[in-house]
There are 2 protein chains.
Amino acid sequence: MISQKFRHTIKKYGLVKRGERIVVAVSGGPDSVTLLYLLFGLKDELGLHLYVAHLDHMLRPHSARDAEFVKSLAAKLGLPVVVGKAGIKKAAVKGSPEELARNIRLDFLFGVARRLKARKICLGHNLDDQAETVLMRLIRGSGLYGLSAILPKKKMSAFTLIRPLLETRRKEIAAYLNKKKIPFCIDETNKQDIYLRNKLRNRLLPLLEKEYNKNIKEVLSNTALSSGYDYDYLVCAALRVLKGQGRKVKLSGFLKLHPAMQNLAMRISIARLKGDTRRITFQHIEEIRDLAMHRPVGSVVDLPKGVSVLKSKTHLVLRI
Amino acid sequence: MISQKFRHTIKKYGLVKRGERIVVAVSGGPDSVTLLYLLFGLKDELGLHLYVAHLDHMLRPHSARDAEFVKSLAAKLGLPVVVGKAGIKKAAVKGSPEELARNIRLDFLFGVARRLKARKICLGHNLDDQAETVLMRLIRGSGLYGLSAILPKKKMSAFTLIRPLLETRRKEIAAYLNKKKIPFCIDETNKQDIYLRNKLRNRLLPLLEKEYNKNIKEVLSNTALSSGYDYDYLVCAALRVLKGQGRKVKLSGFLKLHPAMQNLAMRISIARLKGDTRRITFQHIEEIRDLAMHRPVGSVVDLPKGVSVLKSKTHLVLRI
């Protein structure tokens, strides 16, 4: 039963507390419509205050129609709704168009939550999204952080993103909507990494399911969830190790660290400097470790996007 | 250059020390023959004492011929050689036939090393083996431990297994042998998980290389190496947390642990009880966490192979 699984995921990860104010991101697609109905089913029992939020990206022909659909759905359930409109301002944010769209969407949701004094933002990602994401990260190359893929619960600035459908299959969602005769819009929102993701969804994952392991999606989802725990533990340890250090990491301390901590300490420092660790591979980190351990003072390792690491007498110095 | 990469891997992971006694496992196949030649090339420079070890499984038609080949190769290089013969005694060890063969081979190598007072045992696994193993583990379902796949350096009882070809591609090995006109036997030793492994080697990996990422093998190898570091760090932390605890894990302490530590503490305890954690999935561990957190005293979680976990007033009690 989908509603039992939904409750189970919420309980297991402590996603929702009694009496909370929650902004539910509803695109109008099958996932977010199901999400809204299932949360609505817990509303009275848990004394939840639910707010529907919809962002009209104005990029698609049917975007106005989708917004109307979400408004009337919210009205039907008697829930307050906020609809935002967003043009993509290319100049304002860096990153790929997908990241841009994602960041604009998150900014919108954060703004809504701030105004409504809600701390939780609820998103509709499901187990199939998770499996696709893990596989995509694996294929492109990834350590533990990438393998964590989509987290059931994630703090971002003052808010917590929660994903109570993350252990539910796409086909369970479709069956639920079908059985309850609940209408929804055709989902066009999942445009992130659309080319590779579609290839994985339509070709690679079905092949793996058929020829290698019929439970491949559940298996990949478990890998993600378990990696999420492990990564969280390691990051907490690395942050303790780094303390306040940012652009300069003390060499003597760095050399005494476990390689797992050296890796994370460097990644965290790089992220602080340039905002993220995209394109920083395991081999880059191995090179920095080699720099620290074996190369003469004054040596430099160049990283993508103009970042470099200099070995001084006393420190590893990150520059951009 | 293969010999440079070989040196680089040895240096990076600290595989070999000056003047060491090393048992080199040589099946006669391309990997182990290359391994022997490359190590031989470092012999004088590093003052190494190399011993060739070959186990004749007597399962294949050509096994006697392979043994002769290895003997004459060792003679040609002027190295001492030990050839063992092994019938597989099914009753003696548990596990699949592949594990059985692997364990018999390791026992043989440990025995040789013990007699020769060597602490290092050198094996010929290459980057392609690594990529296949990571992918196999991923498909079957795996956390960080499985993703670590093949470690460049691994302590086992009193010995250290080292794999200096682990960052070298199978095609580089073939090119080296071809260029140097070095003879070798057709490798029939890699019979572990032969059906799935062959499918991955001959079908899935070429597909991934062609359609998804031409560097997929390097990428999977990096995931393995980086997971190896991370897993090692986490296990050390979990062993500190567990201290002497074995079959009984204190409930109050367990509940305070980070989920990553709860997972590993349980896995280590289960491994102590039944020898390994095969067939223990992420979902089993999640059930044990649920038992500890939410279920009444006296509840039991059943695990595969007759293992169960009882929640007593004060402890999680593992039984078999």
# chains A, B, ... in the order shown; residues from 1 in each chain; ligands from 1
$ interface_residues --of "chain B" --to "chain A" --cutoff "6 Å" --atoms "only C-alpha atoms" --output "PyMOL selection string"
chain B and resi 141+143+219+223+229-230+260
$ residues_around --residues "Arg279 (chain B)" --least-positions-apart "6" --cutoff "10 Å" --atoms "only C-alpha atoms" --output "number ranges by chain"
B: 141, 303-305
$ write_last_selection --atoms "N, CA, C and O atoms" --output "tab-separated table (two decimals), in the first residue's frame"
chain	number	residue	atom	x	y	z
B	141	GLY	N	23.77	-5.39	-5.53
B	141	GLY	CA	23.36	-4.63	-4.35
B	141	GLY	C	24.50	-4.55	-3.38
B	141	GLY	O	25.02	-5.57	-2.94
B	303	LEU	N	17.13	-12.65	10.36
B	303	LEU	CA	18.02	-12.38	9.24
B	303	LEU	C	18.29	-13.69	8.51
B	303	LEU	O	17.97	-14.77	9.02
B	304	PRO	N	18.90	-13.61	7.31
B	304	PRO	CA	19.17	-14.86	6.59
B	304	PRO	C	20.12	-15.78	7.37
B	304	PRO	O	20.82	-15.33	8.27
B	305	LYS	N	20.11	-17.04	6.98
B	305	LYS	CA	21.03	-18.05	7.54
B	305	LYS	C	20.85	-18.24	9.04
B	305	LYS	O	21.81	-18.47	9.78
$ residues_around --residues "Glu167 (chain B)" --least-positions-apart "6" --cutoff "7 Å" --atoms "only C-alpha atoms" --output "JSON, numbers by chain"
{"B": [9, 126, 127]}
$ closest_residue --among "B:Ala75, B:Val112, B:Leu165, B:Ile268" --to "Arg7 (chain B)" --atoms "only C-alpha atoms"
B:Leu165
$ atom_distance --atom1 "CA of Ala53 (chain B)" --atom2 "CA of Ala113 (chain B)"
9.1 Å
$ closest_residue --among "B:Ile270, B:Leu239, B:Ile182, B:Leu116" --to "Ser32 (chain B)" --atoms "only C-alpha atoms"
B:Ile182
$ select_by_dssp --residues "region 93-156 of chain A" --states "strand (DSSP E or B)" --output "PyMOL selection string"
chain A and resi 120-122+153-156
$ write_last_selection --atoms "N, CA and C atoms" --output "PDB file, in the first residue's frame"
ATOM      1  N   LYS A 120       9.833  23.472   6.465  1.00  0.00           N
ATOM      2  CA  LYS A 120       9.927  22.253   5.659  1.00  0.00           C
ATOM      3  C   LYS A 120       9.394  22.497   4.253  1.00  0.00           C
ATOM      4  N   ILE A 121      10.138  21.945   3.284  1.00  0.00           N
ATOM      5  CA  ILE A 121       9.699  21.991   1.891  1.00  0.00           C
ATOM      6  C   ILE A 121       9.641  20.555   1.388  1.00  0.00           C
ATOM      7  N   CYS A 122       8.494  20.172   0.875  1.00  0.00           N
ATOM      8  CA  CYS A 122       8.271  18.771   0.542  1.00  0.00           C
ATOM      9  C   CYS A 122       8.307  18.573  -0.971  1.00  0.00           C
ATOM     10  N   LYS A 153      16.083  13.605   3.325  1.00  0.00           N
ATOM     11  CA  LYS A 153      15.984  14.784   4.195  1.00  0.00           C
ATOM     12  C   LYS A 153      17.274  15.560   4.036  1.00  0.00           C
ATOM     13  N   LYS A 154      17.159  16.825   3.698  1.00  0.00           N
ATOM     14  CA  LYS A 154      18.372  17.599   3.471  1.00  0.00           C
ATOM     15  C   LYS A 154      18.213  19.027   3.943  1.00  0.00           C
ATOM     16  N   LYS A 155      19.123  19.456   4.796  1.00  0.00           N
ATOM     17  CA  LYS A 155      19.097  20.853   5.238  1.00  0.00           C
ATOM     18  C   LYS A 155      19.665  21.725   4.131  1.00  0.00           C
ATOM     19  N   MET A 156      18.980  22.834   3.844  1.00  0.00           N
ATOM     20  CA  MET A 156      19.536  23.813   2.906  1.00  0.00           C
ATOM     21  C   MET A 156      19.203  25.179   3.453  1.00  0.00           C
TER      22      MET A 156
END
$ atom_distance --atom1 "CA of Val52 (chain B)" --atom2 "CA of Gly28 (chain B)"
10.6 Å
$ residues_around --residues "Phe108 (chain B)" --least-positions-apart "3" --cutoff "12 Å" --atoms "only C-alpha atoms" --output "short mmCIF file (atom, residue, chain, number, x, y, z; two decimals) with N, CA, C and O atoms, in the first residue's frame"
data_model
loop_
_atom_site.label_atom_id
_atom_site.label_comp_id
_atom_site.auth_asym_id
_atom_site.auth_seq_id
_atom_site.Cartn_x
_atom_site.Cartn_y
_atom_site.Cartn_z
N VAL B 23 56.09 -12.93 -1.97
CA VAL B 23 55.60 -14.10 -2.71
C VAL B 23 54.74 -13.58 -3.86
O VAL B 23 53.78 -12.85 -3.63
N ALA B 25 52.16 -14.44 -6.73
CA ALA B 25 51.25 -15.49 -7.20
C ALA B 25 51.24 -15.47 -8.73
O ALA B 25 50.82 -14.48 -9.33
N ALA B 53 55.02 -18.34 -6.67
CA ALA B 53 54.15 -19.39 -6.14
C ALA B 53 53.06 -19.70 -7.16
O ALA B 53 52.45 -18.79 -7.72
N HIS B 54 52.86 -20.98 -7.41
CA HIS B 54 51.83 -21.39 -8.38
C HIS B 54 51.01 -22.53 -7.78
O HIS B 54 51.56 -23.52 -7.30
N LEU B 55 49.70 -22.37 -7.83
CA LEU B 55 48.84 -23.46 -7.34
C LEU B 55 48.17 -24.16 -8.51
O LEU B 55 47.49 -23.54 -9.32
N ASP B 56 48.42 -25.46 -8.58
CA ASP B 56 47.78 -26.28 -9.61
C ASP B 56 46.47 -26.81 -9.04
O ASP B 56 46.45 -27.67 -8.18
N HIS B 57 45.34 -26.23 -9.54
CA HIS B 57 44.03 -26.64 -9.01
C HIS B 57 43.65 -28.03 -9.49
O HIS B 57 42.72 -28.64 -8.98
N VAL B 82 57.63 -22.23 -5.92
CA VAL B 82 56.91 -23.27 -5.18
C VAL B 82 55.65 -23.60 -5.96
O VAL B 82 54.87 -22.70 -6.27
N VAL B 83 55.48 -24.88 -6.32
CA VAL B 83 54.23 -25.28 -6.97
C VAL B 83 53.45 -26.17 -6.02
O VAL B 83 53.98 -27.14 -5.49
N GLY B 84 52.20 -25.81 -5.80
CA GLY B 84 51.34 -26.62 -4.94
C GLY B 84 50.26 -27.31 -5.76
O GLY B 84 49.94 -26.86 -6.86
N LYS B 85 49.75 -28.41 -5.22
CA LYS B 85 48.62 -29.07 -5.89
C LYS B 85 47.45 -29.11 -4.94
O LYS B 85 47.61 -29.38 -3.76
N ALA B 86 46.27 -28.80 -5.46
CA ALA B 86 45.11 -28.76 -4.58
C ALA B 86 43.92 -29.44 -5.22
O ALA B 86 43.53 -29.10 -6.33
N GLY B 87 43.39 -30.41 -4.53
CA GLY B 87 42.05 -30.90 -4.87
C GLY B 87 41.10 -30.08 -4.02
O GLY B 87 41.46 -29.61 -2.94
N ALA B 101 37.45 -22.05 -4.16
CA ALA B 101 38.69 -22.03 -4.94
C ALA B 101 39.58 -20.86 -4.49
O ALA B 101 40.79 -21.02 -4.35
N ARG B 102 38.93 -19.73 -4.24
CA ARG B 102 39.67 -18.55 -3.81
C ARG B 102 40.33 -18.79 -2.45
O ARG B 102 41.50 -18.46 -2.23
N ASN B 103 39.55 -19.38 -1.54
CA ASN B 103 40.09 -19.62 -0.20
C ASN B 103 41.23 -20.63 -0.22
O ASN B 103 42.21 -20.48 0.51
N ILE B 104 41.09 -21.65 -1.05
CA ILE B 104 42.16 -22.66 -1.15
C ILE B 104 43.43 -22.01 -1.70
O ILE B 104 44.53 -22.26 -1.22
N ARG B 105 43.25 -21.13 -2.68
CA ARG B 105 44.39 -20.44 -3.27
C ARG B 105 45.07 -19.54 -2.23
O ARG B 105 46.29 -19.54 -2.10
N GLY B 111 50.46 -20.20 3.26
CA GLY B 111 51.37 -21.27 3.68
C GLY B 111 52.77 -21.07 3.12
O GLY B 111 53.77 -21.18 3.84
N VAL B 112 52.83 -20.73 1.83
CA VAL B 112 54.12 -20.49 1.18
C VAL B 112 54.82 -19.30 1.86
O VAL B 112 56.00 -19.37 2.22
N ALA B 113 54.07 -18.23 2.05
CA ALA B 113 54.64 -17.02 2.66
C ALA B 113 55.16 -17.32 4.07
O ALA B 113 56.25 -16.87 4.45
N ARG B 114 54.38 -18.10 4.81
CA ARG B 114 54.79 -18.43 6.18
C ARG B 114 56.12 -19.17 6.17
O ARG B 114 57.05 -18.81 6.88
N ARG B 115 56.22 -20.18 5.30
CA ARG B 115 57.45 -20.98 5.25
C ARG B 115 58.66 -20.14 4.81
O ARG B 115 59.77 -20.33 5.27
N ILE B 121 52.24 -10.69 -0.17
CA ILE B 121 51.82 -11.57 -1.25
C ILE B 121 51.31 -10.70 -2.39
O ILE B 121 50.43 -9.85 -2.19
#
$ residues_around --residues "region 311-313 of chain A" --least-positions-apart "3" --cutoff "9 Å" --atoms "only C-alpha atoms" --output "list in words"
Leu251, Leu291, Ala292, Arg295, Pro296, Val297, Gly298, Ser299, Val300, Val301, Leu316 and Val317 of chain A
$ select_by_dssp --residues "region 56-132 of chain A" --states "helix (DSSP H, G or I)" --output "PDB file with N, CA, C and O atoms, in the first residue's frame"
ATOM      1  N   SER A  63       2.475  25.697 -19.735  1.00  0.00           N
ATOM      2  CA  SER A  63       2.816  26.036 -18.356  1.00  0.00           C
ATOM      3  C   SER A  63       1.676  26.794 -17.666  1.00  0.00           C
ATOM      4  O   SER A  63       1.438  26.588 -16.479  1.00  0.00           O
ATOM      5  N   ALA A  64       0.953  27.636 -18.399  1.00  0.00           N
ATOM      6  CA  ALA A  64      -0.158  28.373 -17.780  1.00  0.00           C
ATOM      7  C   ALA A  64      -1.282  27.409 -17.401  1.00  0.00           C
ATOM      8  O   ALA A  64      -1.888  27.516 -16.333  1.00  0.00           O
ATOM      9  N   ARG A  65      -1.511  26.442 -18.268  1.00  0.00           N
ATOM     10  CA  ARG A  65      -2.550  25.445 -18.009  1.00  0.00           C
ATOM     11  C   ARG A  65      -2.206  24.631 -16.751  1.00  0.00           C
ATOM     12  O   ARG A  65      -3.055  24.358 -15.909  1.00  0.00           O
ATOM     13  N   ASP A  66      -0.900  24.249 -16.614  1.00  0.00           N
ATOM     14  CA  ASP A  66      -0.455  23.509 -15.426  1.00  0.00           C
ATOM     15  C   ASP A  66      -0.705  24.328 -14.161  1.00  0.00           C
ATOM     16  O   ASP A  66      -1.158  23.796 -13.142  1.00  0.00           O
ATOM     17  N   ALA A  67      -0.399  25.624 -14.223  1.00  0.00           N
ATOM     18  CA  ALA A  67      -0.607  26.491 -13.063  1.00  0.00           C
ATOM     19  C   ALA A  67      -2.085  26.523 -12.668  1.00  0.00           C
ATOM     20  O   ALA A  67      -2.434  26.424 -11.482  1.00  0.00           O
ATOM     21  N   GLU A  68      -2.949  26.615 -13.671  1.00  0.00           N
ATOM     22  CA  GLU A  68      -4.387  26.613 -13.392  1.00  0.00           C
ATOM     23  C   GLU A  68      -4.816  25.308 -12.750  1.00  0.00           C
ATOM     24  O   GLU A  68      -5.615  25.267 -11.815  1.00  0.00           O
ATOM     25  N   PHE A  69      -4.251  24.205 -13.285  1.00  0.00           N
ATOM     26  CA  PHE A  69      -4.575  22.885 -12.737  1.00  0.00           C
ATOM     27  C   PHE A  69      -4.223  22.810 -11.251  1.00  0.00           C
ATOM     28  O   PHE A  69      -5.015  22.336 -10.431  1.00  0.00           O
ATOM     29  N   VAL A  70      -3.023  23.283 -10.909  1.00  0.00           N
ATOM     30  CA  VAL A  70      -2.572  23.216  -9.515  1.00  0.00           C
ATOM     31  C   VAL A  70      -3.442  24.100  -8.625  1.00  0.00           C
ATOM     32  O   VAL A  70      -3.814  23.717  -7.511  1.00  0.00           O
ATOM     33  N   LYS A  71      -3.783  25.289  -9.142  1.00  0.00           N
ATOM     34  CA  LYS A  71      -4.654  26.187  -8.358  1.00  0.00           C
ATOM     35  C   LYS A  71      -5.986  25.510  -8.034  1.00  0.00           C
ATOM     36  O   LYS A  71      -6.477  25.573  -6.910  1.00  0.00           O
ATOM     37  N   SER A  72      -6.575  24.864  -9.043  1.00  0.00           N
ATOM     38  CA  SER A  72      -7.889  24.279  -8.790  1.00  0.00           C
ATOM     39  C   SER A  72      -7.783  23.049  -7.897  1.00  0.00           C
ATOM     40  O   SER A  72      -8.675  22.782  -7.088  1.00  0.00           O
ATOM     41  N   LEU A  73      -6.661  22.317  -8.014  1.00  0.00           N
ATOM     42  CA  LEU A  73      -6.436  21.181  -7.107  1.00  0.00           C
ATOM     43  C   LEU A  73      -6.360  21.658  -5.655  1.00  0.00           C
ATOM     44  O   LEU A  73      -6.988  21.081  -4.763  1.00  0.00           O
ATOM     45  N   ALA A  74      -5.582  22.722  -5.431  1.00  0.00           N
ATOM     46  CA  ALA A  74      -5.441  23.277  -4.076  1.00  0.00           C
ATOM     47  C   ALA A  74      -6.805  23.743  -3.559  1.00  0.00           C
ATOM     48  O   ALA A  74      -7.174  23.475  -2.406  1.00  0.00           O
ATOM     49  N   ALA A  75      -7.565  24.418  -4.437  1.00  0.00           N
ATOM     50  CA  ALA A  75      -8.894  24.905  -4.049  1.00  0.00           C
ATOM     51  C   ALA A  75      -9.783  23.740  -3.640  1.00  0.00           C
ATOM     52  O   ALA A  75     -10.491  23.785  -2.631  1.00  0.00           O
ATOM     53  N   LYS A  76      -9.707  22.662  -4.431  1.00  0.00           N
ATOM     54  CA  LYS A  76     -10.525  21.473  -4.159  1.00  0.00           C
ATOM     55  C   LYS A  76     -10.216  20.899  -2.775  1.00  0.00           C
ATOM     56  O   LYS A  76     -11.114  20.425  -2.073  1.00  0.00           O
ATOM     57  N   LEU A  77      -8.924  20.918  -2.410  1.00  0.00           N
ATOM     58  CA  LEU A  77      -8.522  20.378  -1.106  1.00  0.00           C
ATOM     59  C   LEU A  77      -8.629  21.439  -0.006  1.00  0.00           C
ATOM     60  O   LEU A  77      -8.365  21.163   1.160  1.00  0.00           O
ATOM     61  N   PRO A  97      22.054  24.961 -17.746  1.00  0.00           N
ATOM     62  CA  PRO A  97      20.649  25.389 -17.757  1.00  0.00           C
ATOM     63  C   PRO A  97      19.793  24.590 -16.769  1.00  0.00           C
ATOM     64  O   PRO A  97      18.891  25.130 -16.138  1.00  0.00           O
ATOM     65  N   GLU A  98      20.128  23.299 -16.617  1.00  0.00           N
ATOM     66  CA  GLU A  98      19.368  22.455 -15.682  1.00  0.00           C
ATOM     67  C   GLU A  98      19.552  22.947 -14.249  1.00  0.00           C
ATOM     68  O   GLU A  98      18.603  23.055 -13.485  1.00  0.00           O
ATOM     69  N   GLU A  99      20.810  23.223 -13.910  1.00  0.00           N
ATOM     70  CA  GLU A  99      21.090  23.717 -12.556  1.00  0.00           C
ATOM     71  C   GLU A  99      20.418  25.057 -12.328  1.00  0.00           C
ATOM     72  O   GLU A  99      19.919  25.352 -11.244  1.00  0.00           O
ATOM     73  N   LEU A 100      20.445  25.874 -13.365  1.00  0.00           N
ATOM     74  CA  LEU A 100      19.818  27.180 -13.308  1.00  0.00           C
ATOM     75  C   LEU A 100      18.344  27.036 -12.959  1.00  0.00           C
ATOM     76  O   LEU A 100      17.840  27.667 -12.020  1.00  0.00           O
ATOM     77  N   ALA A 101      17.645  26.182 -13.724  1.00  0.00           N
ATOM     78  CA  ALA A 101      16.218  25.970 -13.495  1.00  0.00           C
ATOM     79  C   ALA A 101      15.983  25.446 -12.082  1.00  0.00           C
ATOM     80  O   ALA A 101      15.062  25.870 -11.385  1.00  0.00           O
ATOM     81  N   ARG A 102      16.855  24.533 -11.660  1.00  0.00           N
ATOM     82  CA  ARG A 102      16.730  23.941 -10.335  1.00  0.00           C
ATOM     83  C   ARG A 102      16.923  25.014  -9.256  1.00  0.00           C
ATOM     84  O   ARG A 102      16.161  25.077  -8.287  1.00  0.00           O
ATOM     85  N   ASN A 103      17.935  25.857  -9.439  1.00  0.00           N
ATOM     86  CA  ASN A 103      18.208  26.891  -8.440  1.00  0.00           C
ATOM     87  C   ASN A 103      17.089  27.919  -8.371  1.00  0.00           C
ATOM     88  O   ASN A 103      16.726  28.382  -7.291  1.00  0.00           O
ATOM     89  N   ILE A 104      16.537  28.270  -9.524  1.00  0.00           N
ATOM     90  CA  ILE A 104      15.434  29.229  -9.546  1.00  0.00           C
ATOM     91  C   ILE A 104      14.230  28.649  -8.816  1.00  0.00           C
ATOM     92  O   ILE A 104      13.557  29.319  -8.040  1.00  0.00           O
ATOM     93  N   ARG A 105      13.993  27.348  -9.041  1.00  0.00           N
ATOM     94  CA  ARG A 105      12.880  26.676  -8.393  1.00  0.00           C
ATOM     95  C   ARG A 105      13.086  26.651  -6.878  1.00  0.00           C
ATOM     96  O   ARG A 105      12.170  26.949  -6.107  1.00  0.00           O
ATOM     97  N   LEU A 106      14.308  26.311  -6.448  1.00  0.00           N
ATOM     98  CA  LEU A 106      14.582  26.268  -5.009  1.00  0.00           C
ATOM     99  C   LEU A 106      14.459  27.654  -4.390  1.00  0.00           C
ATOM    100  O   LEU A 106      13.877  27.809  -3.313  1.00  0.00           O
ATOM    101  N   ASP A 107      14.983  28.679  -5.086  1.00  0.00           N
ATOM    102  CA  ASP A 107      14.871  30.049  -4.580  1.00  0.00           C
ATOM    103  C   ASP A 107      13.416  30.431  -4.375  1.00  0.00           C
ATOM    104  O   ASP A 107      13.056  31.043  -3.362  1.00  0.00           O
ATOM    105  N   PHE A 108      12.595  30.077  -5.350  1.00  0.00           N
ATOM    106  CA  PHE A 108      11.158  30.350  -5.245  1.00  0.00           C
ATOM    107  C   PHE A 108      10.577  29.662  -4.007  1.00  0.00           C
ATOM    108  O   PHE A 108       9.883  30.285  -3.196  1.00  0.00           O
ATOM    109  N   LEU A 109      10.905  28.374  -3.839  1.00  0.00           N
ATOM    110  CA  LEU A 109      10.350  27.620  -2.712  1.00  0.00           C
ATOM    111  C   LEU A 109      10.849  28.173  -1.371  1.00  0.00           C
ATOM    112  O   LEU A 109      10.071  28.275  -0.411  1.00  0.00           O
ATOM    113  N   PHE A 110      12.119  28.549  -1.327  1.00  0.00           N
ATOM    114  CA  PHE A 110      12.649  29.147  -0.099  1.00  0.00           C
ATOM    115  C   PHE A 110      11.910  30.454   0.214  1.00  0.00           C
ATOM    116  O   PHE A 110      11.573  30.732   1.365  1.00  0.00           O
ATOM    117  N   GLY A 111      11.668  31.248  -0.830  1.00  0.00           N
ATOM    118  CA  GLY A 111      10.964  32.516  -0.636  1.00  0.00           C
ATOM    119  C   GLY A 111       9.559  32.294  -0.090  1.00  0.00           C
ATOM    120  O   GLY A 111       9.140  32.965   0.863  1.00  0.00           O
ATOM    121  N   VAL A 112       8.867  31.341  -0.666  1.00  0.00           N
ATOM    122  CA  VAL A 112       7.509  31.022  -0.207  1.00  0.00           C
ATOM    123  C   VAL A 112       7.552  30.572   1.251  1.00  0.00           C
ATOM    124  O   VAL A 112       6.787  31.053   2.092  1.00  0.00           O
ATOM    125  N   ALA A 113       8.477  29.655   1.537  1.00  0.00           N
ATOM    126  CA  ALA A 113       8.575  29.112   2.900  1.00  0.00           C
ATOM    127  C   ALA A 113       8.891  30.229   3.893  1.00  0.00           C
ATOM    128  O   ALA A 113       8.326  30.288   4.994  1.00  0.00           O
ATOM    129  N   ARG A 114       9.769  31.133   3.494  1.00  0.00           N
ATOM    130  CA  ARG A 114      10.158  32.231   4.378  1.00  0.00           C
ATOM    131  C   ARG A 114       8.936  33.081   4.721  1.00  0.00           C
ATOM    132  O   ARG A 114       8.665  33.369   5.885  1.00  0.00           O
ATOM    133  N   ARG A 115       8.189  33.435   3.666  1.00  0.00           N
ATOM    134  CA  ARG A 115       7.015  34.290   3.887  1.00  0.00           C
ATOM    135  C   ARG A 115       5.961  33.606   4.754  1.00  0.00           C
ATOM    136  O   ARG A 115       5.294  34.233   5.558  1.00  0.00           O
ATOM    137  N   LEU A 127      11.486   6.650  -6.093  1.00  0.00           N
ATOM    138  CA  LEU A 127      12.583   5.667  -6.109  1.00  0.00           C
ATOM    139  C   LEU A 127      13.209   5.537  -7.502  1.00  0.00           C
ATOM    140  O   LEU A 127      14.417   5.326  -7.632  1.00  0.00           O
ATOM    141  N   ASP A 128      12.391   5.663  -8.544  1.00  0.00           N
ATOM    142  CA  ASP A 128      12.948   5.573  -9.903  1.00  0.00           C
ATOM    143  C   ASP A 128      13.867   6.756 -10.209  1.00  0.00           C
ATOM    144  O   ASP A 128      14.916   6.593 -10.831  1.00  0.00           O
ATOM    145  N   ASP A 129      13.475   7.946  -9.758  1.00  0.00           N
ATOM    146  CA  ASP A 129      14.364   9.120  -9.894  1.00  0.00           C
ATOM    147  C   ASP A 129      15.702   8.833  -9.210  1.00  0.00           C
ATOM    148  O   ASP A 129      16.769   9.151  -9.730  1.00  0.00           O
ATOM    149  N   GLN A 130      15.590   8.267  -8.021  1.00  0.00           N
ATOM    150  CA  GLN A 130      16.777   7.956  -7.228  1.00  0.00           C
ATOM    151  C   GLN A 130      17.698   6.991  -7.996  1.00  0.00           C
ATOM    152  O   GLN A 130      18.899   7.244  -8.133  1.00  0.00           O
ATOM    153  N   ALA A 131      17.113   5.897  -8.498  1.00  0.00           N
ATOM    154  CA  ALA A 131      17.907   4.886  -9.218  1.00  0.00           C
ATOM    155  C   ALA A 131      18.574   5.513 -10.445  1.00  0.00           C
ATOM    156  O   ALA A 131      19.754   5.266 -10.721  1.00  0.00           O
ATOM    157  N   GLU A 132      17.830   6.329 -11.172  1.00  0.00           N
ATOM    158  CA  GLU A 132      18.399   6.998 -12.357  1.00  0.00           C
ATOM    159  C   GLU A 132      19.553   7.915 -11.957  1.00  0.00           C
ATOM    160  O   GLU A 132      20.579   7.966 -12.640  1.00  0.00           O
TER     161      GLU A 132
END
$ atom_distance --atom1 "CA of Leu273 (chain B)" --atom2 "CA of Ser148 (chain A)"
29.6 Å
$ residues_around --residues "region 38-49 of chain A" --least-positions-apart "4" --cutoff "10 Å" --atoms "only C-alpha atoms" --output "ChimeraX atom specification"
/A:2-4,6-7,16-24,32-34,77,79-80,118,122,164-165
$ write_last_selection --atoms "C-alpha atoms" --output "mmCIF file, in the first residue's frame"
data_model
loop_
_atom_site.group_PDB
_atom_site.id
_atom_site.type_symbol
_atom_site.label_atom_id
_atom_site.label_comp_id
_atom_site.auth_asym_id
_atom_site.auth_seq_id
_atom_site.Cartn_x
_atom_site.Cartn_y
_atom_site.Cartn_z
ATOM 1 C CA ILE A 2 1.400 3.323 -1.080
ATOM 2 C CA SER A 3 0.045 5.239 1.924
ATOM 3 C CA GLN A 4 1.672 2.783 4.346
ATOM 4 C CA PHE A 6 4.625 6.819 2.659
ATOM 5 C CA ARG A 7 4.067 6.769 6.442
ATOM 6 C CA VAL A 16 7.487 15.408 9.508
ATOM 7 C CA LYS A 17 6.651 16.591 13.011
ATOM 8 C CA ARG A 18 3.219 17.120 14.506
ATOM 9 C CA GLY A 19 1.772 20.574 13.843
ATOM 10 C CA GLU A 20 4.407 21.557 11.290
ATOM 11 C CA ARG A 21 4.017 24.081 8.489
ATOM 12 C CA ILE A 22 5.002 22.473 5.199
ATOM 13 C CA VAL A 23 5.358 23.951 1.729
ATOM 14 C CA VAL A 24 4.515 21.284 -0.842
ATOM 15 C CA SER A 32 3.717 15.877 -6.879
ATOM 16 C CA VAL A 33 -0.039 15.330 -7.165
ATOM 17 C CA THR A 34 0.326 11.996 -5.356
ATOM 18 C CA LEU A 77 -8.522 20.378 -1.106
ATOM 19 C CA LEU A 79 -5.363 24.479 0.791
ATOM 20 C CA PRO A 80 -3.680 27.853 0.304
ATOM 21 C CA ALA A 118 7.486 27.243 7.168
ATOM 22 C CA CYS A 122 8.271 18.771 0.542
ATOM 23 C CA PRO A 164 8.560 11.142 1.502
ATOM 24 C CA LEU A 165 8.015 9.394 -1.871
#
